[in-house]
Amino acid sequence: MQFATWNVNSLTVRLPQVIDWLAANPVAVLGLQELKLTDDKFPLQAFLDAGYNASFFGQKTYNGVALLTKAQATNVVKNIPNFTDEQARVIAATVPSSWGDIRIVNGYFVNGQAPGTDKFEYKMNWLRGLRDYLRNELEKNPRLVVMGDFNITRDDADSHDPEGLRETIHHTTLEREQLKALLALGLIDAHRLVHPDLAVDKKDKFFSWWDYRDFGFRRNRGLRIDYVLASEALKPHIASCTIDKTPRKNERPSDHTPVVMELRP
DNA sequence: ATGACGGTGTGGCACCGA
């Protein structure tokens, strides 16, 4: 059973690529971020035709998230309960599995622009709100998957230039402490679990995003900021976690690529 | 230090992302 996350940076532009990717990668669950469209513009029929159910939560121009599921999703919840947010960043739903129901939380985490800005403060508050939410979800749902664009590098191994970018956005100690706190709730970074050796050399690192500018992908100027986390109850079932770089080679690619976690019986 | 690229909006550039 596969769970994937993909920041598509405009679903309007990337829809054909998502449909193609699903045909080649018929995952059970695909979480999308940065839809950049309102719900009335969501291409529901295209996903139904592709054999997927869709739950979505969009807004104009920015943000927006969706969960595509082979099985019917239930108990869909939008954004973080008890955290007031004008931006559409989180969608949660429950899907059946052979181990029982699995709760999925799909998030487009705040970018934060730069330390010291209002946006960074929003990012910190949002992350605290999310942590309270996930603590509660874990109590109710032992089988929990948290996926999305986290906009945080966990370690220096997750950045192409950790020295040059030290304490800049996505690299700050404050952000990394927030990510650690999420993991401390009892969530496992599936990719790190499967690839535990922390690379120092850029060529050996794993990235899920590359800058559009300055031949970022070709020069491997990337970050690992997209994650799939699994709760302790699911940890024994984690078979693999891969970053699929092939869509980054498409014409008009998203700057992010899919991350796929597979659970085995 | 800046901007580079790409997407959206009601635009002739600004804002945002990472």
# chains A, B, ... in the order shown; residues from 1 in each chain; ligands from 1
$ interface_residues --of "chain A" --to "chain B" --cutoff "9 Å" --atoms "only C-alpha atoms (C1' of nucleotides)" --output "number ranges by chain"
A: 9-10, 13, 36, 60-62, 111, 113, 151, 169-170, 209-214, 223, 252, 254-255
$ residues_around --residues "region 193-203 of chain A" --least-positions-apart "2" --cutoff "10 Å" --atoms "only C-alpha atoms (C1' of nucleotides)" --output "PyMOL selection string"
chain A and resi 155-162+188-191+205-207+219-222+229+235+238-242+261
$ residues_around --residues "Pro236 (chain A)" --least-positions-apart "3" --cutoff "9 Å" --atoms "only C-alpha atoms (C1' of nucleotides)" --output "VMD selection string"
chain A and resid 232 to 233 239 263 to 264
$ write_last_selection --atoms "C-alpha atoms" --output "short mmCIF file (atom, residue, chain, number, x, y, z; two decimals), in the first residue's frame"
data_model
loop_
_atom_site.label_atom_id
_atom_site.label_comp_id
_atom_site.auth_asym_id
_atom_site.auth_seq_id
_atom_site.Cartn_x
_atom_site.Cartn_y
_atom_site.Cartn_z
CA GLU A 232 4.90 3.85 15.44
CA ALA A 233 2.10 1.37 14.78
CA ALA A 239 8.99 -1.32 3.15
CA LEU A 263 3.75 -0.25 3.56
CA ARG A 264 3.98 -4.03 3.37
#
$ residues_around --residues "Asn63 (chain A)" --least-positions-apart "6" --cutoff "8 Å" --atoms "only C-alpha atoms (C1' of nucleotides)" --output "list of chain:residue names"
A:Gln33, A:Glu34, A:Leu35, A:Lys36, A:Gln87, A:Ala88, A:Arg89, A:Tyr108
$ write_last_selection --atoms "C-alpha atoms" --output "compact mmCIF listing (two decimals), in the first residue's frame"
# COMPACT_ATOMS: atom_id res chain seq x y z
CA GLN A 33 -0.20 20.72 -2.27
CA GLU A 34 -0.16 24.17 -3.85
CA LEU A 35 -3.23 23.62 -6.00
CA LYS A 36 -3.52 27.39 -6.52
CA GLN A 87 -5.04 29.93 4.28
CA ALA A 88 -5.99 26.49 2.92
CA ARG A 89 -3.10 24.33 4.07
CA TYR A 108 1.28 22.47 2.85
$ select_by_dssp --residues "region 15-86 of chain A" --states "strand (DSSP E)" --output "VMD selection string"
chain A and resid 29 to 33 53 to 57 65 to 69 74 to 78
$ atom_distance --atom1 "CA of Arg131 (chain A)" --atom2 "CA of Val77 (chain A)"
15.9 Å
$ atom_distance --atom1 "CA of Ile91 (chain A)" --atom2 "CA of Gly31 (chain A)"
8.8 Å
$ closest_residue --among "A:Leu44, A:Ala24, A:Val145, A:Leu67" --to "Thr12 (chain A)" --atoms "only C-alpha atoms"
A:Leu44
$ atom_distance --atom1 "CA of Ala66 (chain A)" --atom2 "CA of Ser97 (chain A)"
19.6 Å
